[in-house]
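Engineer: input18.cif is the file, holding mmCIF, N, CA and C atoms:
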```cif
data_my_file
#
loop_
_atom_site.label_atom_id
_atom_site.label_comp_id
_atom_site.auth_asym_id
_atom_site.auth_seq_id
_atom_site.Cartn_x
_atom_site.Cartn_y
_atom_site.Cartn_z
N MET R 132 0.85 -1.16 0.00
CA MET R 132 0.00 0.00 0.00
C MET R 132 0.90 1.22 0.00
N ILE R 133 0.65 2.14 -0.91
CA ILE R 133 1.44 3.36 -1.04
C ILE R 133 0.51 4.56 -0.89
N ALA R 134 0.96 5.54 -0.12
CA ALA R 134 0.27 6.82 0.01
C ALA R 134 1.29 7.91 -0.24
N GLU R 135 0.89 8.96 -0.94
CA GLU R 135 1.82 10.04 -1.28
C GLU R 135 1.07 11.35 -1.37
N ALA R 136 1.75 12.42 -0.95
CA ALA R 136 1.19 13.76 -1.06
C ALA R 136 2.34 14.75 -1.19
N SER R 137 2.03 15.93 -1.72
CA SER R 137 3.05 16.97 -1.87
C SER R 137 2.44 18.32 -1.57
N ALA R 138 3.33 19.28 -1.28
CA ALA R 138 2.91 20.65 -1.01
C ALA R 138 4.09 21.57 -1.24
N LEU R 139 3.78 22.81 -1.57
CA LEU R 139 4.79 23.85 -1.64
C LEU R 139 4.88 24.47 -0.25
N VAL R 140 6.07 24.47 0.33
CA VAL R 140 6.29 24.94 1.69
C VAL R 140 7.19 26.17 1.64
N ALA R 141 6.80 27.22 2.36
CA ALA R 141 7.54 28.48 2.36
C ALA R 141 8.71 28.43 3.33
N ALA R 142 9.63 27.50 3.09
CA ALA R 142 10.85 27.36 3.90
C ALA R 142 11.87 26.63 3.05
N ASP R 143 13.13 26.72 3.46
CA ASP R 143 14.17 26.02 2.72
C ASP R 143 14.21 24.54 3.15
N PRO R 144 14.79 23.67 2.33
CA PRO R 144 14.82 22.24 2.65
C PRO R 144 15.42 21.92 4.01
N GLN R 145 16.49 22.59 4.40
CA GLN R 145 17.11 22.29 5.69
C GLN R 145 16.15 22.56 6.84
N THR R 146 15.44 23.69 6.80
CA THR R 146 14.49 24.02 7.86
C THR R 146 13.39 22.97 7.94
N ILE R 147 12.89 22.53 6.81
CA ILE R 147 11.82 21.53 6.77
C ILE R 147 12.31 20.20 7.33
N LEU R 148 13.48 19.74 6.88
CA LEU R 148 13.99 18.45 7.34
C LEU R 148 14.40 18.49 8.81
N GLU R 149 14.87 19.62 9.29
CA GLU R 149 15.16 19.74 10.72
C GLU R 149 13.86 19.64 11.53
N PHE R 150 12.77 20.20 11.00
CA PHE R 150 11.46 20.07 11.65
C PHE R 150 11.04 18.59 11.69
N VAL R 151 11.20 17.88 10.59
CA VAL R 151 10.84 16.46 10.54
C VAL R 151 11.67 15.67 11.56
N LEU R 152 12.95 16.01 11.70
CA LEU R 152 13.83 15.30 12.63
C LEU R 152 13.59 15.66 14.09
N ASP R 153 12.84 16.72 14.35
CA ASP R 153 12.44 17.05 15.72
C ASP R 153 11.15 16.27 15.98
N PHE R 154 11.29 14.98 16.28
CA PHE R 154 10.15 14.07 16.29
C PHE R 154 9.06 14.46 17.28
N ARG R 155 9.43 15.03 18.40
CA ARG R 155 8.41 15.46 19.35
C ARG R 155 7.57 16.59 18.76
N GLN R 156 8.21 17.49 18.06
CA GLN R 156 7.48 18.57 17.39
C GLN R 156 6.73 18.03 16.17
N TYR R 157 7.34 17.12 15.42
CA TYR R 157 6.69 16.56 14.25
C TYR R 157 5.43 15.78 14.63
N ALA R 158 5.41 15.21 15.82
CA ALA R 158 4.22 14.48 16.28
C ALA R 158 2.98 15.37 16.29
N GLU R 159 3.17 16.69 16.34
CA GLU R 159 2.03 17.60 16.29
C GLU R 159 1.32 17.56 14.94
N VAL R 160 2.01 17.17 13.87
CA VAL R 160 1.38 17.07 12.54
C VAL R 160 1.17 15.63 12.11
N ASP R 161 1.68 14.67 12.87
CA ASP R 161 1.51 13.26 12.53
C ASP R 161 0.89 12.51 13.71
N PRO R 162 -0.44 12.31 13.68
CA PRO R 162 -1.11 11.66 14.81
C PRO R 162 -0.77 10.19 14.98
N LYS R 163 0.00 9.61 14.06
CA LYS R 163 0.43 8.23 14.23
C LYS R 163 1.49 8.10 15.33
N PHE R 164 2.15 9.20 15.68
CA PHE R 164 3.08 9.22 16.80
C PHE R 164 2.28 9.43 18.08
N VAL R 165 2.28 8.44 18.96
CA VAL R 165 1.62 8.57 20.25
C VAL R 165 2.59 9.21 21.25
N ARG R 166 3.82 8.67 21.28
CA ARG R 166 4.83 9.18 22.21
C ARG R 166 6.21 8.84 21.67
N VAL R 167 7.09 9.84 21.63
CA VAL R 167 8.48 9.63 21.22
C VAL R 167 9.26 9.22 22.47
N VAL R 168 9.97 8.09 22.38
CA VAL R 168 10.73 7.57 23.50
C VAL R 168 12.17 8.06 23.45
N SER R 169 12.83 7.90 22.29
CA SER R 169 14.22 8.34 22.17
C SER R 169 14.58 8.54 20.71
N VAL R 170 15.61 9.37 20.50
CA VAL R 170 16.13 9.64 19.17
C VAL R 170 17.64 9.53 19.23
N ASP R 171 18.22 8.79 18.30
CA ASP R 171 19.67 8.70 18.17
C ASP R 171 20.02 9.23 16.79
N GLY R 172 20.90 10.25 16.75
CA GLY R 172 21.34 10.78 15.47
C GLY R 172 20.51 11.96 15.03
N PRO R 173 20.80 12.43 13.84
CA PRO R 173 21.65 11.79 12.84
C PRO R 173 23.13 11.97 13.16
N ASP R 174 23.91 10.96 12.78
CA ASP R 174 25.35 11.03 12.96
C ASP R 174 25.97 11.81 11.80
N ASP R 175 27.29 11.76 11.70
CA ASP R 175 28.01 12.53 10.68
C ASP R 175 27.62 12.17 9.25
N ILE R 176 27.18 10.93 9.04
CA ILE R 176 26.79 10.52 7.68
C ILE R 176 25.27 10.49 7.51
N GLY R 177 24.54 11.01 8.51
CA GLY R 177 23.10 11.16 8.38
C GLY R 177 22.26 10.00 8.89
N ARG R 178 22.89 9.02 9.52
CA ARG R 178 22.14 7.85 10.01
C ARG R 178 21.67 8.06 11.44
N GLY R 179 20.48 7.50 11.74
CA GLY R 179 19.96 7.57 13.09
C GLY R 179 18.75 6.67 13.24
N SER R 180 18.10 6.78 14.41
CA SER R 180 16.88 6.00 14.64
C SER R 180 16.01 6.74 15.64
N VAL R 181 14.73 6.41 15.59
CA VAL R 181 13.76 6.97 16.53
C VAL R 181 12.96 5.81 17.10
N ARG R 182 12.81 5.79 18.43
CA ARG R 182 11.95 4.82 19.11
C ARG R 182 10.71 5.58 19.57
N PHE R 183 9.55 4.98 19.34
CA PHE R 183 8.31 5.67 19.67
C PHE R 183 7.19 4.66 19.84
N TRP R 184 6.08 5.14 20.35
CA TRP R 184 4.83 4.40 20.36
C TRP R 184 4.01 4.97 19.24
N GLY R 185 3.52 4.09 18.37
CA GLY R 185 2.74 4.54 17.22
C GLY R 185 1.38 3.87 17.18
N ARG R 186 0.52 4.46 16.37
CA ARG R 186 -0.82 3.88 16.21
C ARG R 186 -1.23 3.94 14.75
N MET R 187 -2.01 2.93 14.40
CA MET R 187 -2.64 2.88 13.08
C MET R 187 -4.08 2.47 13.29
N ARG R 188 -4.90 2.86 12.37
CA ARG R 188 -6.31 2.49 12.43
C ARG R 188 -6.44 0.96 12.48
N GLY R 189 -7.25 0.47 13.42
CA GLY R 189 -7.49 -0.96 13.53
C GLY R 189 -6.48 -1.71 14.38
N LEU R 190 -5.47 -1.01 14.91
CA LEU R 190 -4.45 -1.64 15.74
C LEU R 190 -4.27 -0.84 17.02
N PRO R 191 -3.95 -1.50 18.13
CA PRO R 191 -3.66 -0.75 19.36
C PRO R 191 -2.30 -0.06 19.24
N PRO R 192 -2.07 1.01 20.02
CA PRO R 192 -0.74 1.63 20.03
C PRO R 192 0.32 0.58 20.38
N ALA R 193 1.48 0.69 19.73
CA ALA R 193 2.54 -0.29 19.95
C ALA R 193 3.90 0.37 19.82
N PRO R 194 4.91 -0.18 20.49
CA PRO R 194 6.26 0.36 20.35
C PRO R 194 6.83 0.03 18.99
N ASP R 195 7.67 0.93 18.48
CA ASP R 195 8.31 0.70 17.19
C ASP R 195 9.63 1.45 17.16
N ARG R 196 10.47 1.07 16.22
CA ARG R 196 11.70 1.81 15.95
C ARG R 196 11.82 1.94 14.44
N GLN R 197 12.18 3.14 14.02
CA GLN R 197 12.46 3.36 12.61
C GLN R 197 13.88 3.89 12.49
N ASP R 198 14.62 3.31 11.58
CA ASP R 198 15.95 3.81 11.26
C ASP R 198 15.79 4.83 10.14
N PHE R 199 16.66 5.83 10.13
CA PHE R 199 16.57 6.84 9.08
C PHE R 199 17.93 7.19 8.53
N VAL R 200 17.89 7.70 7.30
CA VAL R 200 19.09 8.22 6.64
C VAL R 200 18.73 9.59 6.10
N LEU R 201 19.44 10.59 6.57
CA LEU R 201 19.25 11.97 6.13
C LEU R 201 20.21 12.26 4.99
N ASP R 202 19.66 12.68 3.86
CA ASP R 202 20.47 13.15 2.74
C ASP R 202 20.49 14.67 2.87
N ARG R 203 21.55 15.21 3.47
CA ARG R 203 21.60 16.64 3.76
C ARG R 203 21.61 17.44 2.46
N TRP R 204 20.79 18.34 2.26
CA TRP R 204 19.48 18.67 2.79
C TRP R 204 18.47 18.52 1.69
N THR R 205 18.39 17.30 1.16
CA THR R 205 17.47 17.05 0.06
C THR R 205 16.37 16.06 0.41
N GLY R 206 16.57 15.23 1.42
CA GLY R 206 15.55 14.26 1.77
C GLY R 206 15.93 13.42 2.96
N ILE R 207 14.99 12.60 3.36
CA ILE R 207 15.21 11.66 4.46
C ILE R 207 14.36 10.42 4.21
N THR R 208 14.96 9.26 4.49
CA THR R 208 14.27 7.98 4.31
C THR R 208 14.17 7.28 5.66
N PHE R 209 12.98 6.80 5.98
CA PHE R 209 12.72 6.04 7.20
C PHE R 209 12.42 4.60 6.81
N THR R 210 12.98 3.66 7.58
CA THR R 210 12.74 2.24 7.35
C THR R 210 12.41 1.59 8.68
N GLY R 211 11.32 0.82 8.70
CA GLY R 211 10.96 0.10 9.92
C GLY R 211 12.08 -0.85 10.31
N ALA R 212 12.59 -0.70 11.54
CA ALA R 212 13.72 -1.51 12.00
C ALA R 212 13.29 -2.96 12.21
N ALA R 213 14.22 -3.86 11.98
CA ALA R 213 13.97 -5.29 12.18
C ALA R 213 13.76 -5.59 13.66
N ARG R 214 13.16 -6.73 13.92
CA ARG R 214 12.95 -7.24 15.27
C ARG R 214 12.12 -6.30 16.15
N GLN R 215 11.16 -5.64 15.56
CA GLN R 215 10.21 -4.81 16.29
C GLN R 215 8.84 -5.46 16.20
N PRO R 216 7.97 -5.29 17.21
CA PRO R 216 6.64 -5.90 17.14
C PRO R 216 5.88 -5.56 15.86
N ALA R 217 6.01 -4.34 15.39
CA ALA R 217 5.29 -3.93 14.18
C ALA R 217 5.73 -4.72 12.95
N ARG R 218 6.98 -5.20 12.90
CA ARG R 218 7.43 -5.94 11.72
C ARG R 218 6.73 -7.28 11.57
N PHE R 219 6.11 -7.79 12.65
CA PHE R 219 5.30 -9.00 12.52
C PHE R 219 4.04 -8.71 11.72
N ILE R 220 3.64 -7.42 11.68
CA ILE R 220 2.40 -7.03 11.01
C ILE R 220 2.69 -6.38 9.66
N PHE R 221 3.66 -5.48 9.60
CA PHE R 221 3.93 -4.77 8.35
C PHE R 221 5.38 -4.32 8.25
N GLY R 222 5.84 -4.17 7.01
CA GLY R 222 7.11 -3.52 6.71
C GLY R 222 6.80 -2.07 6.36
N PHE R 223 7.75 -1.18 6.56
CA PHE R 223 7.50 0.24 6.33
C PHE R 223 8.71 0.92 5.75
N VAL R 224 8.47 1.79 4.75
CA VAL R 224 9.47 2.72 4.24
C VAL R 224 8.75 4.04 4.04
N GLY R 225 9.32 5.11 4.53
CA GLY R 225 8.77 6.45 4.34
C GLY R 225 9.85 7.35 3.79
N ARG R 226 9.45 8.36 3.03
CA ARG R 226 10.44 9.24 2.41
C ARG R 226 9.91 10.65 2.32
N PHE R 227 10.78 11.61 2.59
CA PHE R 227 10.55 13.02 2.30
C PHE R 227 11.56 13.43 1.25
N GLU R 228 11.10 14.07 0.19
CA GLU R 228 11.97 14.65 -0.83
C GLU R 228 11.72 16.15 -0.82
N CYS R 229 12.78 16.95 -0.78
CA CYS R 229 12.66 18.41 -0.75
C CYS R 229 13.41 19.00 -1.94
N THR R 230 12.66 19.72 -2.78
CA THR R 230 13.24 20.33 -3.96
C THR R 230 13.01 21.84 -3.89
N PRO R 231 14.09 22.63 -3.81
CA PRO R 231 13.93 24.08 -3.76
C PRO R 231 13.26 24.61 -5.03
N THR R 232 12.38 25.59 -4.87
CA THR R 232 11.72 26.26 -5.99
C THR R 232 11.76 27.76 -5.72
N ALA R 233 11.29 28.53 -6.69
CA ALA R 233 11.28 29.98 -6.52
C ALA R 233 10.38 30.41 -5.35
N GLY R 234 9.32 29.64 -5.07
CA GLY R 234 8.39 30.01 -4.01
C GLY R 234 8.63 29.32 -2.69
N GLY R 235 9.70 28.57 -2.55
CA GLY R 235 9.97 27.84 -1.31
C GLY R 235 10.56 26.48 -1.63
N THR R 236 9.92 25.44 -1.12
CA THR R 236 10.39 24.07 -1.34
C THR R 236 9.20 23.18 -1.66
N ASN R 237 9.35 22.40 -2.72
CA ASN R 237 8.33 21.39 -3.01
C ASN R 237 8.67 20.17 -2.17
N VAL R 238 7.73 19.77 -1.30
CA VAL R 238 7.92 18.63 -0.42
C VAL R 238 7.02 17.50 -0.90
N VAL R 239 7.63 16.36 -1.15
CA VAL R 239 6.89 15.14 -1.49
C VAL R 239 7.12 14.15 -0.36
N HIS R 240 6.02 13.68 0.20
CA HIS R 240 6.08 12.73 1.31
C HIS R 240 5.39 11.45 0.86
N ARG R 241 6.02 10.31 1.14
CA ARG R 241 5.50 9.03 0.65
C ARG R 241 5.64 7.98 1.74
N TYR R 242 4.60 7.15 1.90
CA TYR R 242 4.63 5.97 2.77
C TYR R 242 4.50 4.74 1.90
N GLU R 243 5.16 3.68 2.30
CA GLU R 243 4.91 2.38 1.70
C GLU R 243 4.81 1.36 2.83
N PHE R 244 3.64 0.81 3.00
CA PHE R 244 3.39 -0.24 3.99
C PHE R 244 3.18 -1.55 3.24
N ARG R 245 3.79 -2.61 3.74
CA ARG R 245 3.57 -3.95 3.20
C ARG R 245 3.11 -4.83 4.36
N PHE R 246 1.80 -5.08 4.41
CA PHE R 246 1.23 -5.89 5.49
C PHE R 246 1.45 -7.37 5.20
N ARG R 247 1.76 -8.11 6.25
CA ARG R 247 1.97 -9.54 6.15
C ARG R 247 0.64 -10.26 6.32
N TRP R 248 0.58 -11.46 5.74
CA TRP R 248 -0.58 -12.28 5.96
C TRP R 248 -0.56 -12.71 7.42
N PRO R 249 -1.58 -12.72 8.19
CA PRO R 249 -3.00 -12.54 7.87
C PRO R 249 -3.49 -11.11 8.10
N PHE R 250 -2.58 -10.15 8.14
CA PHE R 250 -2.96 -8.76 8.45
C PHE R 250 -3.31 -7.94 7.22
N ARG R 251 -3.38 -8.56 6.07
CA ARG R 251 -3.66 -7.81 4.84
C ARG R 251 -5.04 -7.15 4.88
N MET R 252 -5.96 -7.69 5.69
CA MET R 252 -7.27 -7.04 5.80
C MET R 252 -7.12 -5.66 6.44
N ILE R 253 -6.14 -5.49 7.33
CA ILE R 253 -5.89 -4.18 7.93
C ILE R 253 -5.38 -3.21 6.87
N GLU R 254 -4.61 -3.73 5.93
CA GLU R 254 -4.12 -2.89 4.83
C GLU R 254 -5.30 -2.29 4.06
N ARG R 255 -6.30 -3.09 3.77
CA ARG R 255 -7.45 -2.58 3.02
C ARG R 255 -8.19 -1.50 3.78
N ILE R 256 -8.37 -1.67 5.09
CA ILE R 256 -9.12 -0.66 5.84
C ILE R 256 -8.28 0.59 6.12
N ASN R 257 -6.96 0.48 5.97
CA ASN R 257 -6.08 1.63 6.22
C ASN R 257 -5.74 2.43 4.98
N ALA R 258 -5.96 1.91 3.80
CA ALA R 258 -5.50 2.56 2.58
C ALA R 258 -6.02 3.99 2.45
N SER R 259 -7.32 4.20 2.51
CA SER R 259 -7.86 5.57 2.35
C SER R 259 -7.54 6.42 3.57
N TRP R 260 -7.52 5.81 4.76
CA TRP R 260 -7.19 6.55 5.97
C TRP R 260 -5.75 7.08 5.89
N LEU R 261 -4.81 6.23 5.46
CA LEU R 261 -3.42 6.67 5.36
C LEU R 261 -3.24 7.74 4.29
N GLN R 262 -3.97 7.65 3.20
CA GLN R 262 -3.88 8.69 2.17
C GLN R 262 -4.35 10.03 2.75
N ARG R 263 -5.46 10.01 3.47
CA ARG R 263 -5.94 11.25 4.11
C ARG R 263 -4.93 11.77 5.14
N GLN R 264 -4.32 10.86 5.90
CA GLN R 264 -3.33 11.24 6.90
C GLN R 264 -2.13 11.94 6.27
N ILE R 265 -1.60 11.37 5.20
CA ILE R 265 -0.40 11.95 4.58
C ILE R 265 -0.73 13.29 3.93
N GLU R 266 -1.91 13.41 3.35
CA GLU R 266 -2.33 14.71 2.78
C GLU R 266 -2.43 15.76 3.88
N ARG R 267 -2.98 15.37 5.02
CA ARG R 267 -3.10 16.30 6.15
C ARG R 267 -1.72 16.67 6.69
N GLU R 268 -0.81 15.70 6.76
CA GLU R 268 0.55 15.97 7.26
C GLU R 268 1.24 17.04 6.42
N VAL R 269 1.27 16.86 5.11
CA VAL R 269 1.98 17.83 4.28
C VAL R 269 1.26 19.19 4.28
N ALA R 270 -0.06 19.19 4.36
CA ALA R 270 -0.80 20.47 4.45
C ALA R 270 -0.46 21.16 5.77
N ASP R 271 -0.35 20.40 6.85
CA ASP R 271 0.00 21.00 8.15
C ASP R 271 1.44 21.51 8.17
N ILE R 272 2.34 20.81 7.48
CA ILE R 272 3.72 21.31 7.38
C ILE R 272 3.72 22.64 6.62
N ALA R 273 3.01 22.69 5.50
CA ALA R 273 2.94 23.93 4.72
C ALA R 273 2.34 25.05 5.56
N ALA R 274 1.28 24.77 6.31
CA ALA R 274 0.64 25.80 7.14
C ALA R 274 1.58 26.28 8.24
N ARG R 275 2.37 25.39 8.80
CA ARG R 275 3.31 25.75 9.86
C ARG R 275 4.31 26.79 9.40
N PHE R 276 4.72 26.71 8.13
CA PHE R 276 5.73 27.63 7.61
C PHE R 276 5.15 28.72 6.72
N ALA R 277 3.83 28.83 6.71
CA ALA R 277 3.20 29.87 5.87
C ALA R 277 3.60 31.26 6.36
N PRO R 278 3.82 32.20 5.39
CA PRO R 278 4.22 33.55 5.81
C PRO R 278 3.09 34.29 6.51
#
```
Would you mind writing the file out in structure tokens?

Structural biologist:
Amino acid sequence: MIAEASALVAADPQTILEFVLDFRQYAEVDPKFVRVVSVDGPDDIGRGSVRFWGRMRGLPPAPDRQDFVLDRWTGITFTGAARQPARFIFGFVGRFECTPTAGGTNVVHRYEFRFRWPFRMIERINASWLQRQIEREVADIAARFAP
């Protein structure tokens, strides 16, 4: 299942990606974050991880860890870390791409969830919900930096 949305944001890519990396602040625009537990990184080459409690429609809140790689300052990729309870249910990759434009930065945000059997029924009930969530996230990011 893939969900994607984009928006023109009145900020430079570094400012936007620093906001995304401030996970406690980012949780204000992403309701899937219940509570951020810890953040490691990014290190000198842009690698790090975030531990948090997350929620998805149809599932109780659960602990998770996502590893990330920051491409300074063009994008960031999140990957669901191995050996986490959520990996028994789904695999995850998320990406932010930031492209400078004359009016700010074009931000493209994308999720890819791959639900495992027998949880594929949850994938079907989450598809439209996740699309609405990602559209709301990028709209809220744009609103946060609106002049």

Engineer: Going by the chain IDs and residue numbers used in this file, which residues fall under the PyMOL selection byres ((chain R and resi 247) around 7)? Write them as a VMD selection string.

Structural biologist: chain R and resid 219 to 222 245 to 246 248 to 251

Engineer: Residues of the last selection are to be written out with N, CA and C atoms, as a short mmCIF file (atom, residue, chain, number, x, y, z; two decimals), in the frame of the given file.

Structural biologist:
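Result went into result_21.cif, see below:
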```
data_model
loop_
_atom_site.label_atom_id
_atom_site.label_comp_id
_atom_site.auth_asym_id
_atom_site.auth_seq_id
_atom_site.Cartn_x
_atom_site.Cartn_y
_atom_site.Cartn_z
N PHE R 219 6.11 -7.79 12.65
CA PHE R 219 5.30 -9.00 12.52
C PHE R 219 4.04 -8.71 11.72
N ILE R 220 3.64 -7.42 11.68
CA ILE R 220 2.40 -7.03 11.01
C ILE R 220 2.69 -6.38 9.66
N PHE R 221 3.66 -5.48 9.60
CA PHE R 221 3.93 -4.77 8.35
C PHE R 221 5.38 -4.32 8.25
N GLY R 222 5.84 -4.17 7.01
CA GLY R 222 7.11 -3.52 6.71
C GLY R 222 6.80 -2.07 6.36
N ARG R 245 3.79 -2.61 3.74
CA ARG R 245 3.57 -3.95 3.20
C ARG R 245 3.11 -4.83 4.36
N PHE R 246 1.80 -5.08 4.41
CA PHE R 246 1.23 -5.89 5.49
C PHE R 246 1.45 -7.37 5.20
N TRP R 248 0.58 -11.46 5.74
CA TRP R 248 -0.58 -12.28 5.96
C TRP R 248 -0.56 -12.71 7.42
N PRO R 249 -1.58 -12.72 8.19
CA PRO R 249 -3.00 -12.54 7.87
C PRO R 249 -3.49 -11.11 8.10
N PHE R 250 -2.58 -10.15 8.14
CA PHE R 250 -2.96 -8.76 8.45
C PHE R 250 -3.31 -7.94 7.22
N ARG R 251 -3.38 -8.56 6.07
CA ARG R 251 -3.66 -7.81 4.84
C ARG R 251 -5.04 -7.15 4.88
#
```

Engineer: For Asn257 in chain R, find every residue with an atom within 9 Å (counting only C-alpha atoms), except residues of its own chain fewer than 6 positions away, and show them as JSON, numbers by chain.

Structural biologist: {"R": [132, 187, 188, 189]}

Engineer: Distance atom N of Ser259 in chain R-atom C of Ala273 in chain R, one decimal place?

Structural biologist: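 These two atoms are separated by 23.2 Å.
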
Engineer: Identify which of the residues R:Ala258, R:Val239, R:Ala136, R:Leu190 lies closest to Ile207 in chain R, counting only C-alpha atoms when measuring atom-to-atom distances.

Structural biologist: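 That would be R:Val239, the residue with the smallest distance to Ile207 in chain R.
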
Engineer: Give as JSON, numbers by chain the residues that the PyMOL selection byres ((chain R and resi 160) around 8) matches when applied to the coordinates above.

Structural biologist: {"R": [155, 156, 157, 158, 159, 161, 162, 163, 164, 264, 267, 268, 269, 271, 272]}

Engineer: Would you list, as an MDAnalysis selection string, the residues of range 135-274 of chain R that end up in alpha helix (DSSP H) under DSSP run on this structure's backbone?

Structural biologist: chainID R and resid 144:152 154:157 251:274

Engineer: Atom C of Ala217 in chain R and atom N of Arg186 in chain R, how far apart in Å?

Structural biologist: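 Atom C of Ala217 in chain R lies 11.1 Å from atom N of Arg186 in chain R.
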
Engineer: Could you list, as an MDAnalysis selection string, every residue matched by the PyMOL selection byres ((chain R and resi 229) around 5) in this structure?

Structural biologist: chainID R and resid 205:206 227:228 230:231 237:238

Engineer: Report the residues of chain R whose backbone DSSP state falls under strand (DSSP E or B), written as a PyMOL selection string.

Structural biologist: chain R and resi 133-140+164-171+178-185+193-202+206-211+221-232+235-246
